[in-house]
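Working notes, structure below.
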Amino acid sequence: MMSGTLLVLFLVAVAVDWHWSYPLDVQTNYVGRETCARCHQTELNSWHDSDHDRAMEIASEQSVLADFNDTSFTRLGLTTRFFRRGQQYFVNTEGPDGKQHDYEIKYTFGLRPLQQYMVEFADGRVQVLRVSWDTKKNEWFYVAPPDVRDERLAPDDPLHWTGLGQNWNTMCAECHSTDLQKNFDLASNTYRTTFFEIDVSCEACHGPGSLHVELAESRSLFWDRHHGYGLNALKGGSADHQIESCAPCHSRRSPIHPGHSQGEHFVDAFDPALLSTGLYHADGQILDEVYVYGSFLQSKMYAEGVRCTDCHDPHSLKLKFEGNSLCLQCHQSGKYDSPTHHHHTDVAASQCVSCHMPAKTYMEIDPRRDHSLRVPRPDLTVELGTPNACNHCHTQPEESPGWAAEHVRQWYGDRRADDPHHASTIAAARTGSPQGLTHVSNLLDRKGTSDILRATAVQLLANYGTSKSDRLCRQHFDDTSPLVRTAALRAISEQSLRSSAKEISDCLNDPVRLVRITAARRLVALGPGGVEAEYRDAYDRALREYRLSQTTVLDRASAHLNLAALARMQGDTSAAQNSLENAIRLEPYLSGVRDMLATLLDELGGDSKRIRELREQEVELLRRDLGFVPNRVPTLYRLGMLLYLVDRGDESREAFQQACQLAPESFDSWLALALICEKQHRWHQAAKALQRMQQLRPDDPAISGIAVRIQQARQAEAEKN
């Protein structure tokens, strides 16, 4: 009898033990890797000396790899000298004032294949030197900006090592340290940046460990029924969860919510870049530094549930196997690791990654492999100019892309595994060509297309603004992918906003933050009465989320430009002016902002002298931009408009003439040219512009309006004479 009672009591105790749980909103704290090491020494040993371990360190004998024994590096007439004073490391180089100064090196940054060095300034800014150490060749070299390779940067250039482009606090810090808090103060334009651990430690991936430690040290028989191990669950569950845990630091993205913690849905905290022009080639291959995530989402591996740790050890970060053995975990050796498949005998050329993961070099010496794991398509190189893996190696004059494409056809037949390929669709839609719209529609109907590719195609519908493109956008407001839903909200044209207000308002209650704030941002343009009463609370909440998203980057002009645009649409001109002034104060070299501010002040009846000064300054910035990227039509158009506003008519006309020559299909450029020629009584030139406008848009009322005014002006001249 006693034993039965004890058994019942034991079972009750076990049930109570299992049922008791920490609250769902329990607060967790960081505990540090020393605490983790008490039970996880093996993992810590594996992590030691990894790229995560060495991501950032205090400069010391143990961390500094470069030669600081009074060595110098000279480039384009500028000499940088590295030396020591006792235990401290120093650099003598050009400062923000254009003069040489001695600066103490406070931190090292990275390990393989280069190490960089950082200087802390009195305002809390930490700046990364461009002169860096090649850890393979053991020599100094210069990390040049990709688009300014052969020029010496001016001290006030944002790409100078003391400029925003090399600022650790906003450009690098959150992915090189654990629990990074930027702590930017807008009023003083200073930082008080802190971190819990200097490098990428355990809790950067697993999340704060205090609950896990409490559970592990408790006397309970169970882990928590709500919180599991009390950590971000990286082993079990879907591959998406693990991939999204890596994505914040291995993707090109913008933050949209402060205080992101591991385990949260990626697009609740970040806005990932799509396969956009300048970032990716039309076929989806990497172009700029995009950090793996966007590439991997395109891959068949991702579609089949492959996750990061299937190939990479999560602690040492090393590959789990060397060579083709890594791929042969899943792919049949006899079928794929054979000359009958790869048609090569050279060891390097027969590696799976040589064909399916070609590398592109960044930061001068850092090759990074494309994780979209695609088949080589030299035929697309012939058609569109995209790169291909074959011609990475085959570079002899006779080994053209056409030559490579013919070999691929002979080996594998006329069709490729990824036909019909999306590259021509993306290329056409990027330019807004009429056939691109039809191709996008077909691509969206195609099964098996990755979400990131579908989102890219939908976002490109913004280049059309037609009833058909807007209809396609509306069809994807409720897509299964938040990336696609967001893209559809962004792409629908202004003229369709009011007729689509109900569907857009439905997105205000989307479970994903990125979708909600995008919907709210679009609805603002409809004015105070544009949102029905039943959606008003959701709209207000989403707008608050949108404003909060901008606070994550208040040290960047982009946040203030977004806030200015929002304020203008809401009729708050004072807030808009303040935001524009902040943008200029933070990044005075940006073009476009002064023009926006001048336009606002003009509308408010502001000081005419200040307005003219702003526009004159903007003219010089636009001329600078044309020096960087000559013959860019949008820049020429903006320049022409500004020159007209500051009464420099002949220069304005010349800018519009050049824009028309470079883009003869641009109706707006011809319209501007016609108007200024009308003002200057250049009747013949105005008539030629009107003739071209008639060819482009026969029914546009602006054409007849200008023609009538010119006829009346010429008649008046004749009567006067």
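Residues are named by chain letter and number: chains run A, B, ... in the order of the structure tokens, numbers start at 1 in each chain, and ligands are numbered from 1 in the order shown.
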
Pick out each residue of segment 304-479 of chain A that DSSP on the backbone tags as strand (DSSP E or B); I need them as a PyMOL selection string. chain A and resi 312+319+359-362+366-369

I need the chosen residues saved as a compact mmCIF listing (two decimals), in the first residue's frame, with N, CA and C atoms.
# COMPACT_ATOMS: atom_id res chain seq x y z
N HIS A 312 28.99 22.93 -43.54
CA HIS A 312 29.93 23.67 -42.69
C HIS A 312 29.81 23.22 -41.24
N LEU A 319 34.80 23.29 -43.70
CA LEU A 319 33.97 22.35 -44.45
C LEU A 319 34.02 20.99 -43.78
N ALA A 359 33.89 31.24 -58.00
CA ALA A 359 34.21 32.26 -57.00
C ALA A 359 34.38 33.63 -57.65
N LYS A 360 34.07 34.65 -56.89
CA LYS A 360 34.35 36.04 -57.27
C LYS A 360 35.16 36.65 -56.14
N THR A 361 36.19 37.41 -56.50
CA THR A 361 37.10 37.98 -55.49
C THR A 361 36.63 39.36 -55.06
N TYR A 362 36.55 39.54 -53.75
CA TYR A 362 36.21 40.82 -53.15
C TYR A 362 37.37 41.27 -52.28
N ASP A 366 40.02 38.24 -51.54
CA ASP A 366 39.11 37.35 -50.81
C ASP A 366 38.12 36.69 -51.77
N PRO A 367 38.43 35.49 -52.30
CA PRO A 367 37.50 34.81 -53.20
C PRO A 367 36.34 34.19 -52.42
N ARG A 368 35.12 34.43 -52.89
CA ARG A 368 33.93 33.88 -52.24
C ARG A 368 33.08 33.17 -53.27
N ARG A 369 32.64 31.98 -52.91
CA ARG A 369 31.92 31.14 -53.88
C ARG A 369 30.43 31.49 -53.94

List the neighbours of segment 387-392 of chain A out to 12 Å using only C-alpha atoms; skip same-chain residues closer than 2 positions along the sequence, and give me the result as a PyMOL selection string. chain A and resi 280-287+342-344+349-360+369-370+373-385+394-408+423

What would the file look like if the residues just selected were written as a short mmCIF file (atom, residue, chain, number, x, y, z; two decimals), in the first residue's frame with C-alpha atoms?
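New file part.cif:
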data_model
loop_
_atom_site.label_atom_id
_atom_site.label_comp_id
_atom_site.auth_asym_id
_atom_site.auth_seq_id
_atom_site.Cartn_x
_atom_site.Cartn_y
_atom_site.Cartn_z
CA TYR A 280 23.34 40.29 -58.97
CA HIS A 281 23.69 39.54 -62.66
CA ALA A 282 20.46 39.01 -64.58
CA ASP A 283 20.80 35.24 -64.18
CA GLY A 284 21.18 35.55 -60.39
CA GLN A 285 24.94 35.12 -60.12
CA ILE A 286 26.71 37.25 -57.53
CA LEU A 287 28.04 40.63 -58.62
CA HIS A 342 32.24 16.76 -65.82
CA HIS A 343 34.31 15.93 -68.96
CA HIS A 344 37.58 16.99 -67.35
CA ALA A 349 38.71 21.42 -63.07
CA SER A 350 36.88 18.27 -62.01
CA GLN A 351 35.95 19.69 -58.60
CA CYS A 352 32.20 20.17 -58.25
CA VAL A 353 32.67 23.74 -57.01
CA SER A 354 34.71 24.72 -60.05
CA CYS A 355 31.65 24.44 -62.26
CA HIS A 356 28.75 24.83 -59.85
CA MET A 357 30.11 27.34 -57.31
CA PRO A 358 32.47 29.68 -59.18
CA ALA A 359 34.21 32.26 -57.00
CA LYS A 360 34.35 36.04 -57.27
CA ARG A 369 31.92 31.14 -53.88
CA ASP A 370 28.49 31.65 -55.39
CA LEU A 373 24.84 26.12 -57.08
CA ARG A 374 23.87 26.50 -60.72
CA VAL A 375 24.82 24.76 -63.94
CA PRO A 376 27.26 26.65 -66.19
CA ARG A 377 25.48 28.61 -68.94
CA PRO A 378 27.96 30.03 -71.46
CA ASP A 379 25.04 30.36 -73.88
CA LEU A 380 23.66 33.08 -71.58
CA THR A 381 27.02 34.82 -71.74
CA VAL A 382 26.59 34.94 -75.52
CA GLU A 383 23.02 36.24 -75.18
CA LEU A 384 23.23 38.57 -72.18
CA GLY A 385 26.86 39.00 -71.17
CA HIS A 394 39.19 28.82 -70.39
CA THR A 395 40.58 32.23 -71.28
CA GLN A 396 42.52 31.67 -74.50
CA PRO A 397 41.46 33.86 -77.45
CA GLU A 398 39.86 30.92 -79.23
CA GLU A 399 38.02 29.82 -76.06
CA SER A 400 35.08 32.21 -76.38
CA PRO A 401 31.72 31.88 -74.62
CA GLY A 402 30.32 30.60 -77.92
CA TRP A 403 33.05 27.94 -78.03
CA ALA A 404 32.18 26.89 -74.46
CA ALA A 405 28.45 26.87 -75.21
CA GLU A 406 29.00 24.55 -78.16
CA HIS A 407 30.96 22.10 -75.99
CA VAL A 408 28.19 22.12 -73.39
CA ALA A 423 17.85 35.44 -67.09
#

Could you tell me how far atom CA of Ile611 of chain A sits from atom CA of Asp647 of chain A, in Å to one decimal place?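 So the two atoms, atom CA of Asp647 of chain A and atom CA of Ile611 of chain A, lie 13.0 Å apart.
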
Mind dumping a table of every segment 294-405 of chain A residue within 12 Å of segment 233-251 of chain A, with the nearest atom pair and its distance in Å to one decimal, using only C-alpha atoms, sorted by chain and rising number, as JSON lines?
{"residue": "A:Gly294", "atom": "CA", "partner": "A:Ser251", "partner_atom": "CA", "distance": 6.5}
{"residue": "A:Ser295", "atom": "CA", "partner": "A:Ser251", "partner_atom": "CA", "distance": 9.0}
{"residue": "A:Phe296", "atom": "CA", "partner": "A:Ile243", "partner_atom": "CA", "distance": 9.5}
{"residue": "A:Leu297", "atom": "CA", "partner": "A:Ile243", "partner_atom": "CA", "distance": 9.6}
{"residue": "A:Met301", "atom": "CA", "partner": "A:Ala239", "partner_atom": "CA", "distance": 10.9}
{"residue": "A:Tyr302", "atom": "CA", "partner": "A:Ala239", "partner_atom": "CA", "distance": 8.3}
{"residue": "A:Ala303", "atom": "CA", "partner": "A:Ala239", "partner_atom": "CA", "distance": 9.9}
{"residue": "A:Glu304", "atom": "CA", "partner": "A:Ala239", "partner_atom": "CA", "distance": 9.5}
{"residue": "A:Gly305", "atom": "CA", "partner": "A:Ala239", "partner_atom": "CA", "distance": 5.8}
{"residue": "A:Val306", "atom": "CA", "partner": "A:Ala239", "partner_atom": "CA", "distance": 6.6}
{"residue": "A:Arg307", "atom": "CA", "partner": "A:Ala239", "partner_atom": "CA", "distance": 5.2}
{"residue": "A:Cys308", "atom": "CA", "partner": "A:Ile243", "partner_atom": "CA", "distance": 6.4}
{"residue": "A:Thr309", "atom": "CA", "partner": "A:Gln242", "partner_atom": "CA", "distance": 8.6}
{"residue": "A:Asp310", "atom": "CA", "partner": "A:Ala239", "partner_atom": "CA", "distance": 9.9}
{"residue": "A:His312", "atom": "CA", "partner": "A:Cys246", "partner_atom": "CA", "distance": 11.8}
{"residue": "A:Pro314", "atom": "CA", "partner": "A:Leu234", "partner_atom": "CA", "distance": 9.9}
{"residue": "A:His371", "atom": "CA", "partner": "A:His250", "partner_atom": "CA", "distance": 11.4}

So that I have them on file, write out the residues from the current selection with C-alpha atoms, as a compact mmCIF listing (two decimals), in the first residue's frame.
# COMPACT_ATOMS: atom_id res chain seq x y z
CA GLY A 294 20.29 35.58 -51.49
CA SER A 295 22.29 33.19 -53.63
CA PHE A 296 21.45 30.11 -51.59
CA LEU A 297 17.71 30.88 -51.67
CA MET A 301 19.83 22.62 -52.50
CA TYR A 302 17.76 25.08 -50.50
CA ALA A 303 14.55 23.84 -52.14
CA GLU A 304 15.43 20.30 -51.05
CA GLY A 305 15.96 21.25 -47.42
CA VAL A 306 19.76 21.48 -47.30
CA ARG A 307 20.97 23.71 -44.47
CA CYS A 308 24.25 25.46 -43.65
CA THR A 309 25.56 22.78 -41.27
CA ASP A 310 25.14 20.06 -43.90
CA HIS A 312 29.93 23.67 -42.69
CA PRO A 314 28.98 25.28 -37.04
CA HIS A 371 26.02 29.60 -53.31

What lies within 9 Å of Leu164 of chain A using only C-alpha atoms, ignoring chain neighbours under 6 positions off, as an mmCIF file with C-alpha atoms, in the first residue's frame?
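Contents of part.cif, as written:
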data_model
loop_
_atom_site.group_PDB
_atom_site.id
_atom_site.type_symbol
_atom_site.label_atom_id
_atom_site.label_comp_id
_atom_site.auth_asym_id
_atom_site.auth_seq_id
_atom_site.Cartn_x
_atom_site.Cartn_y
_atom_site.Cartn_z
ATOM 1 C CA GLN A 127 37.234 53.593 -38.458
ATOM 2 C CA ASP A 157 35.243 61.463 -49.439
ATOM 3 C CA PRO A 158 32.858 59.061 -47.657
ATOM 4 C CA THR A 170 27.288 51.318 -38.690
ATOM 5 C CA MET A 171 28.888 49.243 -41.473
ATOM 6 C CA ARG A 556 22.441 57.303 -42.046
ATOM 7 C CA GLU A 587 26.004 63.054 -45.184
#

Ranking A:Glu43, A:Asp199, A:Asp510, A:Asp97 by minimum distance to Asp156 of chain A and counting only C-alpha atoms, which one comes first?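 With only C-alpha atoms as the atom set, the closest residue is A:Asp97.
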
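Among the candidates A:Asp540, A:Glu532, A:Glu581, A:Asp51, the residue lying nearest to Ala557 of chain A is A:Glu581 (atoms considered: only C-alpha atoms).
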
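For Pro482 of chain A, the residues within 7 Å (counting only C-alpha atoms, excluding itself and residues fewer than 3 positions away along the chain) are Arg485, Thr486, Val512 and Val515 of chain A.
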
Residues within 9 Å of segment 70-81 of chain A, only C-alpha atoms, excluding chain neighbours under 4 positions, as a count of residues only: 13

Using DSSP on the backbone coordinates, identify all residues within segment 486-708 of chain A classified as helix (DSSP H, G or I); present the result as a PyMOL selection string. chain A and resi 486-491+494-496+501-509+513-526+528-530+533-553+557-569+573-586+593-603+608-628+633-645+649-662+667-679+683-696+701-708

Best match for closeness to Leu621 of chain A among A:Gly334, A:Gly605, A:Gly230, A:Gly592, counting only C-alpha atoms: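 Among the listed residues, A:Gly592 lies closest to Leu621 of chain A.
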
Under the rule that only C-alpha atoms are counted, which of A:Leu7, A:Ala462, A:Ala417, A:Cys175 is the nearest residue to Ala204 of chain A?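 The closest residue to Ala204 of chain A is A:Cys175.
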
Which residues come within 12 Å of Val119 of chain A, counting only C-alpha atoms, excluding same-chain residues fewer than 6 positions away, as a PyMOL selection string? chain A and resi 58-59+89-93+95+101-109+125-130+161-162+166-169
